[in-house]
>>> print(open('upload_22.cif').read())   # mmCIF, C-alpha atoms
data_model
#
loop_
_atom_site.label_atom_id
_atom_site.label_comp_id
_atom_site.auth_asym_id
_atom_site.auth_seq_id
_atom_site.Cartn_x
_atom_site.Cartn_y
_atom_site.Cartn_z
CA MET A 147 -52.58 -157.09 45.49
CA SER A 148 -49.26 -158.75 44.81
CA GLN A 149 -48.14 -159.64 41.31
CA ASP A 150 -48.85 -163.34 41.89
CA GLU A 151 -52.34 -162.56 43.16
CA ARG A 152 -53.07 -160.44 40.09
CA ARG A 153 -51.86 -163.26 37.84
CA ARG A 154 -54.11 -165.78 39.55
CA LEU A 155 -57.08 -163.44 39.36
CA ALA A 156 -56.52 -162.79 35.66
CA ARG A 157 -56.37 -166.51 34.93
CA ILE A 158 -59.48 -167.22 36.98
CA LEU A 159 -61.44 -164.55 35.12
CA ALA A 160 -60.17 -165.87 31.78
CA GLU A 161 -61.38 -169.38 32.63
CA LEU A 162 -64.91 -168.48 33.71
CA ASP A 163 -66.31 -169.32 30.27
CA GLY A 164 -66.71 -173.03 31.09
CA PRO A 165 -65.79 -176.04 33.25
CA HIS A 166 -62.90 -178.46 32.79
CA GLU A 167 -63.17 -181.37 30.43
CA ASP A 168 -63.48 -183.63 33.49
CA GLY A 169 -66.50 -181.66 34.75
CA THR A 170 -64.76 -179.80 37.57
CA GLU A 171 -65.00 -176.07 37.98
CA GLU A 172 -61.45 -175.28 39.04
CA PRO A 173 -59.62 -173.28 36.33
CA ALA A 174 -57.25 -175.51 34.41
CA ALA A 175 -54.73 -172.71 33.90
CA LEU A 176 -54.04 -172.64 37.64
CA ALA A 177 -53.10 -176.29 37.83
CA ASN A 178 -49.54 -177.47 37.57
CA PRO A 179 -49.45 -179.88 34.60
CA TYR A 180 -47.07 -182.16 36.51
CA LEU A 181 -49.73 -182.57 39.20
CA THR A 182 -52.69 -183.16 36.86
CA ASP A 183 -51.18 -185.36 34.16
CA PRO A 184 -49.96 -188.77 35.47
CA LYS A 185 -47.70 -189.33 32.45
CA LEU A 186 -45.99 -185.97 32.82
CA ARG A 187 -45.65 -186.53 36.57
CA ARG A 188 -43.85 -189.87 35.97
CA GLN A 189 -41.60 -188.30 33.37
CA ARG A 190 -40.73 -185.47 35.75
CA ARG A 191 -39.82 -187.93 38.49
CA LEU A 192 -37.67 -189.96 36.11
CA ALA A 193 -35.91 -186.84 34.81
CA LEU A 194 -35.28 -185.67 38.36
CA LEU A 195 -33.89 -189.07 39.34
CA VAL A 196 -31.60 -189.21 36.29
CA SER A 197 -30.34 -185.67 36.91
CA ALA A 198 -29.59 -186.37 40.56
CA ALA A 199 -27.85 -189.65 39.70
CA CYS A 200 -25.72 -187.89 37.07
CA CYS A 201 -24.65 -185.30 39.65
CA VAL A 202 -23.56 -188.03 42.07
CA VAL A 203 -21.72 -190.06 39.44
CA LEU A 204 -20.03 -187.01 37.93
CA ALA A 205 -18.87 -185.78 41.33
CA GLY A 206 -17.19 -189.13 41.97
CA TRP A 207 -15.71 -189.20 38.45
CA ILE A 208 -14.18 -185.74 38.93
CA VAL A 209 -12.42 -186.99 42.07
CA VAL A 210 -11.09 -190.01 40.14
CA LEU A 211 -9.81 -187.79 37.32
CA VAL A 212 -8.06 -185.43 39.72
CA ALA A 213 -6.31 -188.38 41.35
CA THR A 214 -5.37 -190.37 38.25
CA LEU A 215 -4.93 -188.13 35.19
CA PRO A 216 -1.32 -187.36 34.21
CA HIS A 217 -0.13 -183.79 33.74
CA ARG A 218 1.04 -184.56 30.21
CA PHE A 219 -0.46 -186.85 27.58
CA ASP A 220 0.25 -187.44 23.87
CA ALA A 221 -3.15 -187.55 22.11
CA HIS A 222 -3.73 -189.55 18.95
CA HIS A 223 -5.71 -188.26 15.94
CA TRP A 224 -5.26 -184.70 17.20
CA ARG A 225 -5.85 -183.19 13.75
CA ALA A 226 -9.00 -185.19 13.15
CA VAL A 227 -10.45 -184.21 16.52
CA TRP A 228 -10.11 -180.45 15.95
CA VAL A 229 -11.01 -180.50 12.26
CA ASN A 230 -14.18 -182.49 12.95
CA PHE A 231 -15.12 -180.14 15.78
CA ASP A 232 -14.79 -177.13 13.49
CA VAL A 233 -16.83 -178.94 10.83
CA PHE A 234 -19.63 -179.44 13.36
CA LEU A 235 -19.34 -175.79 14.38
CA PHE A 236 -19.54 -174.71 10.74
CA ALA A 237 -22.65 -176.87 10.27
CA ALA A 238 -24.22 -175.35 13.39
CA PHE A 239 -23.63 -171.83 12.09
CA ALA A 240 -25.09 -172.78 8.70
CA VAL A 241 -28.24 -174.28 10.19
CA THR A 242 -28.56 -171.28 12.52
CA ALA A 243 -28.37 -168.90 9.57
CA TRP A 244 -31.14 -170.90 7.88
CA ALA A 245 -33.29 -170.75 11.04
CA ILE A 246 -32.79 -166.98 11.28
CA TRP A 247 -33.71 -166.53 7.63
CA ARG A 248 -36.79 -168.76 7.89
CA GLU A 249 -37.71 -167.51 11.39
CA ARG A 250 -38.00 -170.99 12.89
CA GLN A 251 -38.51 -171.73 16.58
CA VAL A 252 -35.58 -174.19 16.53
CA LEU A 253 -33.35 -171.11 16.45
CA ILE A 254 -33.47 -170.99 20.26
CA LEU A 255 -31.92 -174.45 20.57
CA LEU A 256 -29.39 -173.72 17.84
CA LEU A 257 -28.22 -170.52 19.55
CA VAL A 258 -27.76 -172.36 22.85
CA GLY A 259 -25.84 -175.11 21.04
CA ILE A 260 -23.57 -172.67 19.21
CA GLY A 261 -22.86 -170.72 22.40
CA THR A 262 -21.94 -173.93 24.21
CA MET A 263 -19.67 -175.10 21.37
CA LEU A 264 -17.90 -171.74 21.25
CA CYS A 265 -17.28 -171.82 25.02
CA CYS A 266 -15.88 -175.35 24.72
CA ASP A 267 -13.71 -174.26 21.79
CA ALA A 268 -12.28 -171.37 23.80
CA TRP A 269 -11.74 -173.53 26.89
CA PHE A 270 -9.82 -176.28 25.12
CA ASP A 271 -7.91 -173.88 22.87
CA VAL A 272 -6.52 -172.06 25.88
CA GLY A 273 -6.19 -175.14 28.07
CA THR A 274 -4.22 -177.15 25.52
CA SER A 275 -1.94 -174.25 24.60
CA LEU A 276 -0.69 -173.48 28.11
CA ALA A 277 3.11 -173.26 28.31
CA THR A 278 3.32 -173.14 24.50
CA SER A 279 4.04 -170.40 21.99
CA GLY A 280 0.41 -170.43 20.81
CA LEU A 281 -1.04 -169.37 24.17
CA TRP A 282 -1.43 -165.69 23.29
CA ILE A 283 -3.14 -166.47 20.00
CA SER A 284 -5.56 -168.76 21.80
CA LEU A 285 -6.26 -166.12 24.45
CA LEU A 286 -6.86 -163.37 21.90
CA THR A 287 -9.14 -165.62 19.86
CA ALA A 288 -11.11 -166.60 22.95
CA VAL A 289 -11.46 -163.06 24.35
CA PHE A 290 -12.24 -161.22 21.11
CA ALA A 291 -14.02 -163.84 19.01
CA GLU A 292 -15.29 -167.05 20.59
CA LEU A 293 -16.55 -165.80 23.96
CA PRO A 294 -18.21 -162.62 22.61
CA LEU A 295 -20.00 -164.67 19.94
CA ALA A 296 -21.08 -167.18 22.57
CA LEU A 297 -22.43 -164.36 24.75
CA LEU A 298 -24.40 -162.94 21.82
CA ALA A 299 -25.83 -166.40 21.10
CA PHE A 300 -26.93 -166.90 24.71
CA ILE A 301 -28.45 -163.42 24.91
CA GLY A 302 -30.33 -163.98 21.65
CA ALA A 303 -31.65 -167.35 22.84
CA ARG A 304 -32.79 -165.84 26.13
CA ARG A 305 -34.62 -162.98 24.44
CA LEU A 306 -36.35 -165.32 22.00
CA LEU A 307 -37.32 -167.69 24.81
CA ARG A 308 -38.77 -164.87 26.89
CA ALA A 309 -40.74 -163.60 23.90
CA THR A 310 -42.09 -167.10 23.30
CA VAL A 311 -43.03 -167.56 26.96
CA GLU A 312 -44.73 -164.19 27.12
CA ALA A 313 -46.74 -164.98 23.99
CA SER A 314 -47.78 -168.41 25.28
CA LEU A 315 -48.84 -167.05 28.68
CA ARG A 316 -50.74 -164.05 27.36
CA VAL A 317 -54.38 -164.25 28.46
CA PRO A 318 -57.30 -161.87 28.01
CA ALA A 319 -57.74 -159.90 31.21
CA PRO A 320 -60.26 -157.25 32.22
CA ALA A 321 -59.24 -153.62 32.16
CA GLY A 322 -56.99 -152.70 35.03
CA ILE A 323 -55.77 -156.28 35.64
CA ARG A 324 -52.39 -157.31 34.29
CA GLY A 325 -51.83 -160.76 32.86
CA PRO A 326 -48.65 -162.81 33.34
CA ALA A 327 -47.19 -161.62 30.04
CA ASP A 328 -47.46 -157.99 31.14
CA ASP A 329 -44.70 -158.50 33.71
CA LEU A 330 -41.78 -158.00 31.35
CA THR A 331 -39.29 -158.25 34.21
CA CYS A 332 -40.32 -161.77 35.25
CA SER A 333 -37.48 -164.28 35.40
CA LEU A 334 -37.46 -167.42 33.30
CA ARG A 335 -36.61 -169.31 36.50
CA ARG A 336 -40.06 -168.44 37.85
CA VAL A 337 -42.12 -169.15 34.72
CA PRO A 338 -43.73 -172.63 34.73
CA LEU A 339 -43.31 -174.98 31.80
CA SER A 340 -45.93 -174.46 29.13
CA GLY A 341 -46.53 -175.14 25.47
CA HIS A 342 -47.57 -177.97 23.22
CA GLY A 343 -48.12 -181.10 25.31
CA LEU A 344 -48.62 -179.08 28.48
CA ASP A 345 -52.11 -177.81 27.76
CA GLU A 346 -52.99 -177.66 31.46
CA ALA A 347 -50.53 -174.79 31.78
CA LEU A 348 -52.16 -172.79 28.99
CA PRO A 349 -55.34 -170.70 29.03
CA ARG A 350 -58.34 -172.43 27.49
CA GLY A 351 -58.29 -170.02 24.57
CA ARG A 352 -54.81 -171.25 23.54
CA ALA A 353 -54.89 -174.88 24.65
CA GLY A 354 -54.91 -177.19 21.70
CA ARG A 355 -54.42 -174.36 19.22
CA PRO A 356 -51.86 -175.29 16.54
CA SER A 357 -48.65 -173.32 16.67
#
>>> encode(input="upload_22.cif", output="structure tokens")
Amino acid sequence: MSQDERRRLARILAELDGPHEDGTEEPAALANPYLTDPKLRRQRRLALLVSAACCVVLAGWIVVLVATLPHRFDAHHWRAVWVNFDVFLFAAFAVTAWAIWRERQVLILLLVGIGTMLCCDAWFDVGTSLATSGLWISLLTAVFAELPLALLAFIGARRLLRATVEASLRVPAPAGIRGPADDLTCSLRRVPLSGHGLDEALPRGRAGRPS
């Protein structure tokens, strides 16, 4: 049996304890929540439409910027822009330290946010210092500080997310049959959305259980 077939079999066996709430016998864990919940299906369609529209608009805007932006520009409030950015970055690190200490689930989002901010910081530091005496300082800071920290943040967020997904998808399976959480090499790109508000994607034993 393939890995997908074993997963489906494990979920079917885990759901044999009773029918759906609507009286049907098909295991709820096998259903895609976007196909069974009308509200979630509408939200998915709206999100897909917005994402596609943003791609189209942004592609056109990039062409406009390439054609119209000058090579040199004197920016106003330069000090305020960078100082405020570093204040936000400091606040993000502080809240992240609190989330690590308190072991809160929001840590995943905070790590992604910090990694993104550090990448932006490195990009604009280097980009705005080209052809200036501060280029080498910006490059060294980006290569040995900002980008490595961003990589650590992204790796930490990915590991925490995988651990959360594996815990949420863990189902009781008979001996000799592996559940979805037993496949530690599964990619996050292949794992369906699940969690609070997506009970159709969870085994009956975990659906509705407070986190």
>>> atom_distance(input="upload_22.cif", atom1="atom CA of Trp228 of chain A", atom2="atom CA of Ser284 of chain A")
13.8 Å
>>> atom_distance(input="upload_22.cif", atom1="atom CA of Arg154 of chain A", atom2="atom CA of Lys185 of chain A")
25.4 Å
>>> atom_distance(input="upload_22.cif", atom1="atom CA of Phe300 of chain A", atom2="atom CA of Val258 of chain A")
5.8 Å
>>> resolve_selection(input="upload_22.cif", expression="the PyMOL selection byres ((chain A and resi 268) around 9)", output="list of chain:residue names")
A:Met263, A:Leu264, A:Cys265, A:Cys266, A:Asp267, A:Trp269, A:Phe270, A:Asp271, A:Val272, A:Gly273, A:Ser284, A:Leu285, A:Thr287, A:Ala288, A:Val289, A:Glu292, A:Leu293
>>> residues_around(input="upload_22.cif", residues="Val241 of chain A", least_positions_apart="3", cutoff="12 Å", atoms="all atoms listed in the file", output="list in words")
Phe234, Leu235, Phe236, Ala237, Ala238, Trp244, Ala245, Ile246, Trp247, Arg248, Glu249, Arg250, Val252, Leu253, Ile254, Leu255, Leu256, Leu257, Gly259 and Ile260 of chain A
>>> closest_residue(input="upload_22.cif", among="A:Leu194, A:Val202, A:Ala291, A:Val311", to="Arg336 of chain A", atoms="only C-alpha atoms")
A:Val311
